[in-house]
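K.L.:
Sharing a structure here in C-alpha cells format.
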Amino acid sequence: MQPKITAKALCGDQEVGKISKVIVDPLSHEISHVVVKESGAQGLDRQIPIGQIQQVVSEEEIVLRCSPDEFVQFPPIDRDRYVTIHEVEIAHLEDHLHVEPGEVLVPLPCLEQGVPRRTFFNNMTHAIGTLIALPLAYPVLKYLMKPMFKPFDNAWFSVGNIKKIKQENVGFQFKFTRGFKEAFMPEQQIEKNIWIVKATPEVQKAVYGGKDTKFFDNKGELLHVNKANSPYIGFSGKCPHLGCGYKWRKTKSNPDGVFLCPCHLSLYDEAGKVIDGPAPRGLDVLPMQVDAVGEVKIIDIEYKAGVKSQIRLL
Amino acid sequence: MQQDSQPVNQPNPFEKVVEFVDERVGLKTIQAKMLNEPIPGGSRWAYAFGSVLLFIFILQVVTGILLMFYYVPSTDHAYDSTQYIIHEVDYGWFLLSYHFWGSSAMVVMVFAHMSQVFLWGAYKKPRELIWLVGLALFGIVMGFGFTGYLLPWDQRAYWATVVGVEIMDKTPIVGDFMARFLKGGPTPGQMTLSRFFVIHVMVLPAALAGLAGLHIFLFRKAGPAGPFRGTPEEIKAKTDYFFPRQIWKDIVAMASVFLIICSLAFIEPVVLLEQATPDPGDYHPEPEWYFLFLFQLLRLKMFGGEFGQFLGAIAIPGAFMAFLAALPFIDTNPERNLFKRPAALIGWTVIMIFILIFTVSAIINREFLH
C-alpha cells in the first residue's frame with residue numbers, strides 16, 4: 001500500500017505532521033526520503049529517510065520508527081538543493097513513481113460514453129488518407145521519370161582527319177564537340193573525345209577476330225558495319241570500368257604505350273583488350289567511317305560501364 | 001523617498017513580457033527541462049561531438065542559404081555563378097570555402113561521434129533506435145557530400161558524379177533505375193544538376209533536420225548512457241547537469257571547430273577547375289577525400305570485373321552498414337566496458353587502419369600518376 005501525500009505521520013501514538021513531499025533517487029528511481037511537515041503553524045519540513053517508516057497503516061497514515069523527540073532531530077529540508085521533477089529531465093522517472101494522491105481522473109464527455117466507433121473512425125481515417133495518396137503515386141513517379149529514358153542518337157559526327165596518325169598501334173586522341181539538347185535548355189556544345197588506333201593486321205585480328213562487326217539500332221535495323229580488315233579502329237573515350245576518361249601512356253612495364261585509366265588504373269593494350277586492373281571488359285569499338293580524304297566520322301555511342309556485356313546508354 | 005514606498009519585487013516591463021509569454025508557452029519549464037538533464041558520471045569533452053555536429057549543420061544551412069543568393073543551378077550558369085561567388089561577390093570566396101570545409105568537418109565529426117558511441121557501448125539496449133537513426137543520419141551526411149560536390153559544375157564535380165553514379169548503377173535489380181533516376185537521363189546533364197540541387201538544398205536538409213530531432217528526442221527519452229566504468233555510487237557522486245559544465249565544454253568545442261574551419265577556408269580556399277565537360281582533358285578524376293578509401297579499394301584487381309565490382313562497391317559497404325544496423329541486436333551483452341569487449345576494440349582498430357592505409361595509398365597513387 002502506498003501512503004498518500006498528505007498522509008498523517010505518527011511517532012508511536014502521537015501525530016507529528018503530514019507527508020508534504022517525497023524525494024526520489026535519480027539513479028535508482030526509488031523513493032529515498034519523505035518530507036514530513038510538522039504540525040503547527042510554524043512547522044518545518046523535515047526530511048525523513050524512507051527506512052524510518054515502520055509501518056504504512058493506511059493510505060492516510062504512516063508510523064515512523066522514531067520517537068517525537070527524535071523526530072525533531074531530523075534536518076529540515078534545504079529546498080534549494082532540490083528541483084521538482086517538472087524542471088528536470090530524468091528518463092523514465094515518472095514511470096516509477098506512484099506517489100500521486102491516487103489516480104487523477106477527468107470525466108469522459110457524455111457523447112463519448114459507450115460509443116463503439118473508435119476503431120471504425122480510426123480505420124476510415126487511414127483509408128481516406130490512402131485514397132488521397134494513391135492517385136498521386138503514379139503521376140508523381142511518371143513526373144520524376146520523364147527524362148530517364150531517351151531514344152538513341154545515331155547521327156554521324158566528324159572528329160578530325162586520320163592523317164594526324166603517324167604511327168601504327170599507338171592511341172591517338174580525337175577531340176570533337178557535339179550539340180547536346182536537353183529538355184528546355186538551349187542546345188549546348190559539349191566536348192568529347194575518342195581514341196583511334198591505326199592497327200597492324202595482327203591488332204585488327206585481335207579487335208575484330210577476323211569478322212565484320214555490325215551495329216544495330218534499337219529496332220534491330222543495321223546502322224553500320226566495321227570491316228574486319230579496316231585499319232583504323234575507334235574506341236569510345238569512356239572507360240568501361242566506371243566511366244572515366246582514359247589516356248595513352250608509356251609505363252615502365254609497357255614502354256610502347258598502353259591505354260591507362262587514371263581513376264582505377266585499368267590498363268588496355270592497343271587492341272583495347274584488358275591487360276591489368278579492374279575493368280570488366282575491353283574498350284568499346286565505335287562504328288566508324290573514314291572517307292577518301294581521311295575525314296573520320298563516328299556514331300557517338302556510349303555503353304554502360306562496369307558490366308561484362310555492352311549495354312547501350314546513348 | 002518615493003521609491004521606498006514601492007514594493008521591492010515589482011516586475012519591470014521586460015519581466016512582465018517574459019511572464020506573459022511564459023504563461024502561454026511554458027518557456028521556463030522547457031528551458032529547465034532542456035538544461036537540467038543529469039549526465040551520469042559528469043560532463044566530458046568526449047560528449048561534445050553530437051552538439052558540435054548540430055552546430056556545424058546549422059552553419060552549413062546558413063552558408064548554404066547565402067550561397068543560393070547568387071548560385072544558379074543550370075549547366076550554362078552553375079560554373080559561372082560559382083566563379084562569380086568566388087571572385088566577384090564580397091566574402092563570397094570565404095562563405096563558399098567555409099561551406100566546403102564545413103562539409104569535411106561534418107564527416108570527421110560524424111566519424112568521431114559514431115566511434116565514441118561504439119567504443120562506449122552506448123548503442124546497446126535501451127538505445128538501439130538512437131543508433132539506427134544515427135546510421136540514417138550518417139547516410140544523409142554522405143548524401144550531402146555527394147550531391148553538393150556536383151553543384152559547382154567543374155571537372156572535379158562532373159567526374160566524381162560520373163563515377164559515383166556508375167557505382168550506384170551496380171546495385172542489383174534497382175541499380176539501373178536508381179542511376180537513371182539520379183542522372184535524370186542516360187548521361188549527366190541539366191537534369192542531373194537540377195536533381196542533385198533539389199536533393200541537396202531541400203530533401204536532405206528536411207530529412208536531416210527531422211531525423212536529428214528524432215535522434216535527440218530518443219536520446220532524451222533513454223537518457224545519456226554515461227561512463228562504462230565505475231560503481232553507481234561513484235557515478236552518482238560525479239553526476240552533473242547538462243548546464244553549465246557540459247554546455248561549456250560543447251561551446252568551447254564548437255568555437256574550436258569554427259576556428260579550424262575558418263582557418264582552412266583562409267589557407268585553402270575553394271578553387272574551381274575547368275568547367276565540366278564529358279572530356280576530362282588532363283584532369284585525373286577523384287572523389288572527395290572521405291571517399292578515397294572506397295575509390296582505392298575499387299582499384300584492386302579482386303574488386304575488378306562485373307562481380308568483383310559489385311562486391312567492392314555495393315556488397316561489402318552494404319553488408320558493413322547492415323552489420324552496423326544489426327549491431328545492437330546481435331551484441332546483446334550488456335557489458336559496456338571497452339576493455340572487456342576485445343572484439344569491438346580490435347574491430348574498430350582494424351577498420352580505422354584499413355581506411356587509413358587505403359586513403360594514404362590513394363594519395364601515393366595520385367603522386368605516381370602525375
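Residues in the C-alpha cells are numbered from 1 in each chain, the chains being A, B, ... in the order shown, and ligands are numbered from 1 in the order shown.
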May I ask you to extract the residues of chain B within 6 Å of chain A, using only C-alpha atoms, and to give them as a list in words?
P.N.:
Thr29, Ala32, Lys33, Asn36, Glu37, Val163, Glu166, Arg180, Gly184, Gly185, Pro186, Lys221, Ala222, Gly223, Thr277, Pro278, Asp279, Pro280, His284, Pro285, Arg299, Lys301, Gly304, Gly305 and Glu306 of chain B
K.L.:
When you look at region 156-163 of chain A with a cut-off of 7 Å (counting only C-alpha atoms), what residues show up, excluding the ones that are within fewer than 5 positions of it in the same chain? I need them as a ChimeraX atom specification.
P.N.:
/A:174-176,294-299
K.L.:
Excluding Ile56 (chain B) and residues on its chain fewer than 4 positions from it, collect all residues at most 7 Å away from it, counting only C-alpha atoms, and give them as a list in words.
P.N.:
Val52, Gln60, Gly102 and Met106 of chain B
K.L.:
Need the shell around Leu356 (chain B): protein/DNA/RNA residues with any atom at most 12 Å away, counting only C-alpha atoms. Skip same-chain ones fewer than 6 positions apart. Format as a list in words?
P.N.:
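The contact residues come out as Trp289, Tyr290, Phe291, Leu292, Phe293, Leu294, Gln296, Leu297, Thr349, Val350, Ala362 and Ile363 of chain B.
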K.L.:
Keeping all heavy atoms, export the residues of the selection given above as a CSV table (one decimal), in the first residue's frame.
P.N.:
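Final file, part_6.csv:
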chain,number,residue,atom,x,y,z
B,289,TRP,N,37.9,13.5,-50.3
B,289,TRP,CA,38.9,12.7,-49.6
B,289,TRP,C,38.2,11.6,-48.7
B,289,TRP,O,38.8,10.5,-48.6
B,289,TRP,CB,39.8,13.6,-48.7
B,289,TRP,CG,39.0,14.3,-47.6
B,289,TRP,CD1,38.5,15.5,-47.7
B,289,TRP,CD2,38.7,13.8,-46.3
B,289,TRP,NE1,37.9,15.9,-46.5
B,289,TRP,CE2,38.0,14.8,-45.6
B,289,TRP,CE3,39.0,12.6,-45.6
B,289,TRP,CZ2,37.5,14.7,-44.3
B,289,TRP,CZ3,38.5,12.5,-44.3
B,289,TRP,CH2,37.8,13.5,-43.7
B,290,TYR,N,37.0,11.8,-48.2
B,290,TYR,CA,36.4,10.8,-47.4
B,290,TYR,C,35.9,9.6,-48.1
B,290,TYR,O,35.5,8.6,-47.6
B,290,TYR,CB,35.4,11.4,-46.4
B,290,TYR,CG,34.5,12.4,-47.0
B,290,TYR,CD1,33.3,12.0,-47.8
B,290,TYR,CD2,34.7,13.8,-46.8
B,290,TYR,CE1,32.5,13.0,-48.3
B,290,TYR,CE2,33.9,14.7,-47.3
B,290,TYR,CZ,32.8,14.3,-48.1
B,290,TYR,OH,31.9,15.3,-48.6
B,291,PHE,N,35.9,9.7,-49.5
B,291,PHE,CA,35.5,8.6,-50.3
B,291,PHE,C,36.7,7.9,-50.9
B,291,PHE,O,36.6,6.9,-51.6
B,291,PHE,CB,34.5,8.9,-51.4
B,291,PHE,CG,33.2,9.3,-50.9
B,291,PHE,CD1,32.6,10.5,-51.2
B,291,PHE,CD2,32.4,8.3,-50.3
B,291,PHE,CE1,31.3,10.8,-50.8
B,291,PHE,CE2,31.1,8.6,-49.9
B,291,PHE,CZ,30.6,9.9,-50.1
B,292,LEU,N,37.9,8.5,-50.6
B,292,LEU,CA,39.1,8.0,-51.3
B,292,LEU,C,39.4,6.5,-51.0
B,292,LEU,O,39.9,5.8,-51.9
B,292,LEU,CB,40.4,8.8,-50.9
B,292,LEU,CG,40.7,10.1,-51.7
B,292,LEU,CD1,41.9,10.7,-51.2
B,292,LEU,CD2,40.8,9.8,-53.1
B,293,PHE,N,39.1,6.1,-49.8
B,293,PHE,CA,39.5,4.7,-49.5
B,293,PHE,C,38.6,3.7,-50.3
B,293,PHE,O,39.1,2.7,-50.7
B,293,PHE,CB,39.3,4.4,-48.0
B,293,PHE,CG,37.9,4.3,-47.5
B,293,PHE,CD1,37.3,3.1,-47.3
B,293,PHE,CD2,37.2,5.5,-47.2
B,293,PHE,CE1,36.0,3.0,-46.9
B,293,PHE,CE2,35.9,5.4,-46.8
B,293,PHE,CZ,35.3,4.2,-46.6
B,294,LEU,N,37.4,4.1,-50.5
B,294,LEU,CA,36.5,3.2,-51.4
B,294,LEU,C,37.0,3.2,-52.8
B,294,LEU,O,37.0,2.2,-53.5
B,294,LEU,CB,35.1,3.8,-51.4
B,294,LEU,CG,34.1,3.1,-50.5
B,294,LEU,CD1,32.7,3.7,-50.6
B,294,LEU,CD2,34.0,1.6,-50.8
B,296,GLN,N,40.0,3.8,-53.8
B,296,GLN,CA,41.3,3.0,-53.9
B,296,GLN,C,40.9,1.5,-53.8
B,296,GLN,O,41.5,0.7,-54.5
B,296,GLN,CB,42.2,3.3,-52.7
B,296,GLN,CG,43.6,2.7,-52.7
B,296,GLN,CD,44.4,3.2,-53.9
B,296,GLN,OE1,44.1,4.1,-54.6
B,296,GLN,NE2,45.6,2.5,-54.1
B,297,LEU,N,40.0,1.1,-53.0
B,297,LEU,CA,39.5,-0.3,-52.9
B,297,LEU,C,39.1,-0.8,-54.3
B,297,LEU,O,39.5,-1.9,-54.7
B,297,LEU,CB,38.3,-0.4,-52.0
B,297,LEU,CG,37.8,-1.8,-51.6
B,297,LEU,CD1,38.7,-2.4,-50.5
B,297,LEU,CD2,36.4,-1.7,-51.1
B,349,THR,N,39.7,-0.8,-34.4
B,349,THR,CA,41.1,-0.5,-34.8
B,349,THR,C,41.4,-1.0,-36.2
B,349,THR,O,42.0,-0.3,-37.0
B,349,THR,CB,42.0,-1.2,-33.8
B,349,THR,OG1,41.6,-0.9,-32.5
B,349,THR,CG2,43.4,-0.6,-33.9
B,350,VAL,N,40.9,-2.2,-36.5
B,350,VAL,CA,41.2,-2.8,-37.8
B,350,VAL,C,40.6,-1.9,-38.9
B,350,VAL,O,41.2,-1.6,-39.9
B,350,VAL,CB,40.7,-4.2,-37.9
B,350,VAL,CG1,40.7,-4.7,-39.4
B,350,VAL,CG2,41.6,-5.2,-37.1
B,362,ALA,N,45.8,5.8,-51.8
B,362,ALA,CA,45.2,6.6,-52.9
B,362,ALA,C,46.0,7.9,-53.2
B,362,ALA,O,46.2,8.3,-54.3
B,362,ALA,CB,43.8,6.9,-52.6
B,363,ILE,N,46.5,8.5,-52.1
B,363,ILE,CA,47.2,9.7,-52.2
B,363,ILE,C,48.6,9.5,-52.9
B,363,ILE,O,49.0,10.2,-53.7
B,363,ILE,CB,47.4,10.4,-50.8
B,363,ILE,CG1,46.0,10.9,-50.3
B,363,ILE,CG2,48.3,11.6,-50.9
B,363,ILE,CD1,45.9,11.3,-48.9
K.L.:
Using only C-alpha atoms for the distances, tell me which of B:Glu88, B:Asp240, B:Leu345, B:Phe57 is nearest to Gly226 (chain B).
P.N.:
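Going through B:Glu88, B:Asp240, B:Leu345, B:Phe57 one by one, the smallest distance to Gly226 (chain B) is for B:Asp240.
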K.L.:
If you run DSSP on the backbone here, which positions in region 174-285 of chain B get alpha helix (DSSP H)? Please write them as a compact mmCIF listing (two decimals) with N, CA and C atoms, in the first residue's frame.
P.N.:
# COMPACT_ATOMS: atom_id res chain seq x y z
N GLY B 175 19.60 -0.96 -59.62
CA GLY B 175 20.75 -0.09 -59.90
C GLY B 175 20.54 0.81 -61.11
N ASP B 176 20.13 0.20 -62.23
CA ASP B 176 19.96 0.98 -63.46
C ASP B 176 18.92 2.07 -63.28
N PHE B 177 17.81 1.69 -62.63
CA PHE B 177 16.75 2.67 -62.38
C PHE B 177 17.26 3.81 -61.50
N MET B 178 17.96 3.44 -60.41
CA MET B 178 18.48 4.45 -59.49
C MET B 178 19.42 5.42 -60.19
N ALA B 179 20.32 4.85 -61.00
CA ALA B 179 21.31 5.68 -61.68
C ALA B 179 20.62 6.64 -62.65
N ARG B 180 19.67 6.10 -63.44
CA ARG B 180 18.96 6.96 -64.39
C ARG B 180 18.11 7.99 -63.67
N PHE B 181 17.52 7.56 -62.55
CA PHE B 181 16.67 8.46 -61.77
C PHE B 181 17.49 9.64 -61.25
N LEU B 182 18.68 9.33 -60.72
CA LEU B 182 19.54 10.39 -60.18
C LEU B 182 20.06 11.29 -61.30
N LYS B 183 20.47 10.66 -62.41
CA LYS B 183 21.02 11.45 -63.51
C LYS B 183 19.92 12.19 -64.26
N GLN B 190 21.83 18.73 -67.43
CA GLN B 190 20.99 19.66 -66.69
C GLN B 190 20.08 18.94 -65.68
N MET B 191 19.49 17.82 -66.12
CA MET B 191 18.57 17.11 -65.24
C MET B 191 19.30 16.62 -63.99
N THR B 192 20.54 16.18 -64.18
CA THR B 192 21.33 15.71 -63.04
C THR B 192 21.56 16.87 -62.07
N LEU B 193 21.97 18.01 -62.64
CA LEU B 193 22.25 19.16 -61.80
C LEU B 193 20.99 19.59 -61.04
N SER B 194 19.85 19.63 -61.74
CA SER B 194 18.59 20.01 -61.08
C SER B 194 18.27 19.05 -59.95
N ARG B 195 18.42 17.75 -60.24
CA ARG B 195 18.07 16.75 -59.23
C ARG B 195 19.00 16.83 -58.03
N PHE B 196 20.31 16.91 -58.29
CA PHE B 196 21.26 16.99 -57.18
C PHE B 196 21.01 18.25 -56.37
N PHE B 197 20.68 19.33 -57.06
CA PHE B 197 20.43 20.59 -56.37
C PHE B 197 19.24 20.48 -55.42
N VAL B 198 18.14 19.96 -55.94
CA VAL B 198 16.93 19.91 -55.10
C VAL B 198 17.12 18.92 -53.97
N LEU B 204 17.45 16.60 -48.50
CA LEU B 204 18.35 16.17 -47.43
C LEU B 204 18.28 17.07 -46.19
N PRO B 205 18.24 18.41 -46.35
CA PRO B 205 18.12 19.22 -45.13
C PRO B 205 16.86 18.89 -44.33
N ALA B 206 15.73 18.70 -45.05
CA ALA B 206 14.49 18.36 -44.34
C ALA B 206 14.66 17.02 -43.63
N ALA B 207 15.24 16.05 -44.35
CA ALA B 207 15.43 14.72 -43.76
C ALA B 207 16.37 14.79 -42.57
N LEU B 208 17.44 15.55 -42.72
CA LEU B 208 18.41 15.64 -41.63
C LEU B 208 17.82 16.33 -40.41
N ALA B 209 17.10 17.44 -40.66
CA ALA B 209 16.52 18.16 -39.53
C ALA B 209 15.52 17.26 -38.79
N GLY B 210 14.67 16.58 -39.55
CA GLY B 210 13.68 15.71 -38.93
C GLY B 210 14.31 14.57 -38.15
N LEU B 211 15.26 13.90 -38.79
CA LEU B 211 15.87 12.75 -38.13
C LEU B 211 16.76 13.17 -36.96
N ALA B 212 17.41 14.33 -37.09
CA ALA B 212 18.23 14.81 -35.97
C ALA B 212 17.32 15.12 -34.78
N GLY B 213 16.14 15.68 -35.07
CA GLY B 213 15.17 15.93 -33.99
C GLY B 213 14.76 14.62 -33.32
N LEU B 214 14.47 13.62 -34.14
CA LEU B 214 14.10 12.31 -33.61
C LEU B 214 15.24 11.71 -32.80
N HIS B 215 16.45 11.86 -33.32
CA HIS B 215 17.67 11.36 -32.67
C HIS B 215 17.79 11.95 -31.26
N ILE B 216 17.61 13.26 -31.16
CA ILE B 216 17.76 13.93 -29.87
C ILE B 216 16.59 13.58 -28.94
N PHE B 217 15.39 13.48 -29.53
CA PHE B 217 14.24 13.09 -28.72
C PHE B 217 14.46 11.71 -28.11
N LEU B 218 14.88 10.76 -28.95
CA LEU B 218 15.11 9.39 -28.45
C LEU B 218 16.23 9.38 -27.41
N PHE B 219 17.23 10.22 -27.65
CA PHE B 219 18.35 10.30 -26.72
C PHE B 219 17.87 10.80 -25.36
N ARG B 220 17.03 11.84 -25.38
CA ARG B 220 16.49 12.36 -24.13
C ARG B 220 15.59 11.35 -23.44
N LYS B 221 14.87 10.60 -24.26
CA LYS B 221 13.94 9.59 -23.73
C LYS B 221 14.71 8.51 -22.99
N ALA B 222 15.81 8.07 -23.57
CA ALA B 222 16.59 6.99 -22.95
C ALA B 222 17.54 7.52 -21.88
N PRO B 232 27.79 2.52 -9.15
CA PRO B 232 26.69 3.50 -9.14
C PRO B 232 26.96 4.67 -8.21
N GLU B 233 27.60 4.40 -7.06
CA GLU B 233 27.86 5.49 -6.10
C GLU B 233 28.84 6.50 -6.70
N GLU B 234 29.91 5.96 -7.31
CA GLU B 234 30.91 6.86 -7.92
C GLU B 234 30.26 7.70 -9.02
N ILE B 235 29.46 7.02 -9.86
CA ILE B 235 28.83 7.73 -10.97
C ILE B 235 27.89 8.80 -10.43
N LYS B 236 27.14 8.44 -9.38
CA LYS B 236 26.19 9.39 -8.82
C LYS B 236 26.92 10.61 -8.24
N ALA B 237 28.04 10.35 -7.60
CA ALA B 237 28.78 11.45 -6.97
C ALA B 237 29.30 12.43 -8.01
N LYS B 238 29.60 11.93 -9.21
CA LYS B 238 30.17 12.82 -10.24
C LYS B 238 29.12 13.42 -11.17
N ILE B 247 27.59 22.17 -21.30
CA ILE B 247 27.38 23.22 -22.31
C ILE B 247 28.65 24.04 -22.50
N TRP B 248 29.35 24.25 -21.40
CA TRP B 248 30.63 24.96 -21.52
C TRP B 248 31.59 24.19 -22.41
N LYS B 249 31.72 22.89 -22.16
CA LYS B 249 32.62 22.07 -22.99
C LYS B 249 32.15 22.10 -24.45
N ASP B 250 30.83 21.99 -24.65
CA ASP B 250 30.29 22.00 -26.01
C ASP B 250 30.62 23.29 -26.73
N ILE B 251 30.45 24.41 -26.04
CA ILE B 251 30.63 25.70 -26.73
C ILE B 251 32.12 25.92 -27.04
N VAL B 252 32.99 25.44 -26.15
CA VAL B 252 34.43 25.54 -26.43
C VAL B 252 34.77 24.68 -27.65
N ALA B 253 34.19 23.46 -27.70
CA ALA B 253 34.44 22.57 -28.85
C ALA B 253 33.92 23.21 -30.13
N MET B 254 32.72 23.81 -30.06
CA MET B 254 32.15 24.46 -31.25
C MET B 254 33.04 25.59 -31.73
N ALA B 255 33.51 26.40 -30.78
CA ALA B 255 34.37 27.52 -31.15
C ALA B 255 35.65 27.02 -31.79
N SER B 256 36.22 25.93 -31.25
CA SER B 256 37.45 25.39 -31.83
C SER B 256 37.20 24.91 -33.25
N VAL B 257 36.10 24.16 -33.44
CA VAL B 257 35.80 23.66 -34.78
C VAL B 257 35.56 24.82 -35.74
N PHE B 258 34.87 25.84 -35.25
CA PHE B 258 34.61 27.02 -36.09
C PHE B 258 35.93 27.66 -36.53
N LEU B 259 36.86 27.78 -35.58
CA LEU B 259 38.16 28.38 -35.91
C LEU B 259 38.92 27.53 -36.92
N ILE B 260 38.85 26.22 -36.73
CA ILE B 260 39.56 25.32 -37.66
C ILE B 260 38.98 25.46 -39.07
N ILE B 261 37.63 25.46 -39.15
CA ILE B 261 37.01 25.57 -40.48
C ILE B 261 37.38 26.91 -41.12
N CYS B 262 37.32 27.98 -40.33
CA CYS B 262 37.69 29.30 -40.86
C CYS B 262 39.13 29.31 -41.34
N SER B 263 40.02 28.70 -40.54
CA SER B 263 41.44 28.69 -40.93
C SER B 263 41.61 27.95 -42.25
N LEU B 264 40.95 26.80 -42.36
CA LEU B 264 41.07 26.03 -43.61
C LEU B 264 40.54 26.83 -44.78
N ALA B 265 39.43 27.56 -44.55
CA ALA B 265 38.86 28.37 -45.62
C ALA B 265 39.84 29.46 -46.06
N PHE B 266 40.61 29.97 -45.10
CA PHE B 266 41.59 31.00 -45.43
C PHE B 266 42.81 30.40 -46.12
N ILE B 267 43.31 29.28 -45.54
CA ILE B 267 44.57 28.70 -46.04
C ILE B 267 44.34 28.02 -47.39
K.L.:
B:Leu311, B:Met34, B:Ile58, B:Ala122: which is nearest Ile167 (chain B), counting only C-alpha atoms?
P.N.:
B:Leu311
K.L.:
Please report the interatomic distance between CA of Gly210 (chain A) and CA of Ala228 (chain A) in Å with one decimal.
P.N.:
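CA of Gly210 (chain A) sits 5.4 Å away from CA of Ala228 (chain A).
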K.L.:
Between B:Gly50, B:Leu298, B:Phe243, B:Leu96, which is the closest to Phe111 (chain B) once you count only C-alpha atoms?
P.N.:
B:Gly50
K.L.:
To test your reading of the structure, identify every residue in region 102-163 of chain A that backbone DSSP assigns to strand (DSSP E or B), and report it as a list in words.
P.N.:
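Assigned to strand (DSSP E or B), within region 102-163 of chain A: Trp156, Phe157, Ser158, Val159, Gly160 and Asn161 of chain A.
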K.L.:
Between CA of Tyr149 (chain B) and CA of Ser103 (chain B), measure the distance and give it in Å to one decimal.
P.N.:
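That distance, rounded to one decimal, is 10.0 Å.
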K.L.:
Contacts of Ala7 (chain A) at 8 Å or less, counting only C-alpha atoms, minus same-chain residues fewer than 5 places along, as a VMD selection string?
P.N.:
chain A and resid 18 to 19 59 to 62
K.L.:
Give me, as a PDB file with C-alpha atoms, in the first residue's frame, all polymer residues having an atom no more than 6 Å from region 128-141 of chain B, counting only C-alpha atoms and skipping those fewer than 2 positions away in the same chain.
P.N.:
ATOM      1  CA  TYR B 123      24.356   1.710 -28.788  1.00  0.00           C
ATOM      2  CA  LYS B 124      23.215  -1.130 -26.530  1.00  0.00           C
ATOM      3  CA  LYS B 125      19.795  -1.615 -25.004  1.00  0.00           C
ATOM      4  CA  PRO B 126      17.796   0.616 -24.480  1.00  0.00           C
ATOM      5  CA  GLY B 143      24.440  12.114 -49.414  1.00  0.00           C
ATOM      6  CA  PHE B 144      25.026  15.804 -48.709  1.00  0.00           C
ATOM      7  CA  HIS B 215      17.670  11.361 -32.674  1.00  0.00           C
ATOM      8  CA  LEU B 218      15.111   9.393 -28.454  1.00  0.00           C
ATOM      9  CA  ALA B 325      22.417  -1.564 -38.129  1.00  0.00           C
ATOM     10  CA  PRO B 328      22.717  -3.565 -31.097  1.00  0.00           C
TER      11      PRO B 328
END
K.L.:
Excluding Val72 (chain A) and any residue of its chain fewer than 2 positions from it, enumerate the residues within 10 Å of it, using only C-alpha atoms, and give them as a list in words.
P.N.:
Val16, Glu38, Leu44, Arg46, Cys66, Ser67, Pro68, Asp69, Glu70, Phe74, Pro75 and Pro76 of chain A
K.L.:
Write the residues of the preceding selection, restricted to N, CA and C atoms, as a compact mmCIF listing (two decimals), in the first residue's frame.
P.N.:
# COMPACT_ATOMS: atom_id res chain seq x y z
N VAL A 16 2.89 13.66 14.41
CA VAL A 16 3.93 14.69 14.39
C VAL A 16 3.81 15.59 13.17
N GLU A 38 5.83 19.39 9.85
CA GLU A 38 5.47 19.33 11.26
C GLU A 38 4.11 19.97 11.50
N LEU A 44 8.19 22.93 10.44
CA LEU A 44 9.22 22.82 9.41
C LEU A 44 8.99 21.55 8.59
N ARG A 46 10.53 18.41 7.49
CA ARG A 46 11.70 17.60 7.89
C ARG A 46 11.87 16.42 6.95
N CYS A 66 10.85 6.43 14.85
CA CYS A 66 11.45 7.31 15.84
C CYS A 66 10.42 7.80 16.86
N SER A 67 10.94 8.35 17.96
CA SER A 67 10.06 8.98 18.95
C SER A 67 9.85 10.43 18.53
N PRO A 68 8.84 11.11 19.12
CA PRO A 68 8.63 12.52 18.77
C PRO A 68 9.87 13.37 19.03
N ASP A 69 10.64 13.02 20.05
CA ASP A 69 11.84 13.80 20.34
C ASP A 69 12.90 13.59 19.27
N GLU A 70 13.02 12.31 18.86
CA GLU A 70 13.99 12.02 17.80
C GLU A 70 13.55 12.67 16.48
N PHE A 74 15.56 15.28 12.99
CA PHE A 74 15.79 15.16 11.55
C PHE A 74 15.92 16.54 10.92
N PRO A 75 16.83 16.68 9.95
CA PRO A 75 17.09 18.02 9.42
C PRO A 75 15.92 18.55 8.61
N PRO A 76 15.66 19.84 8.72
CA PRO A 76 14.67 20.44 7.81
C PRO A 76 15.22 20.39 6.37
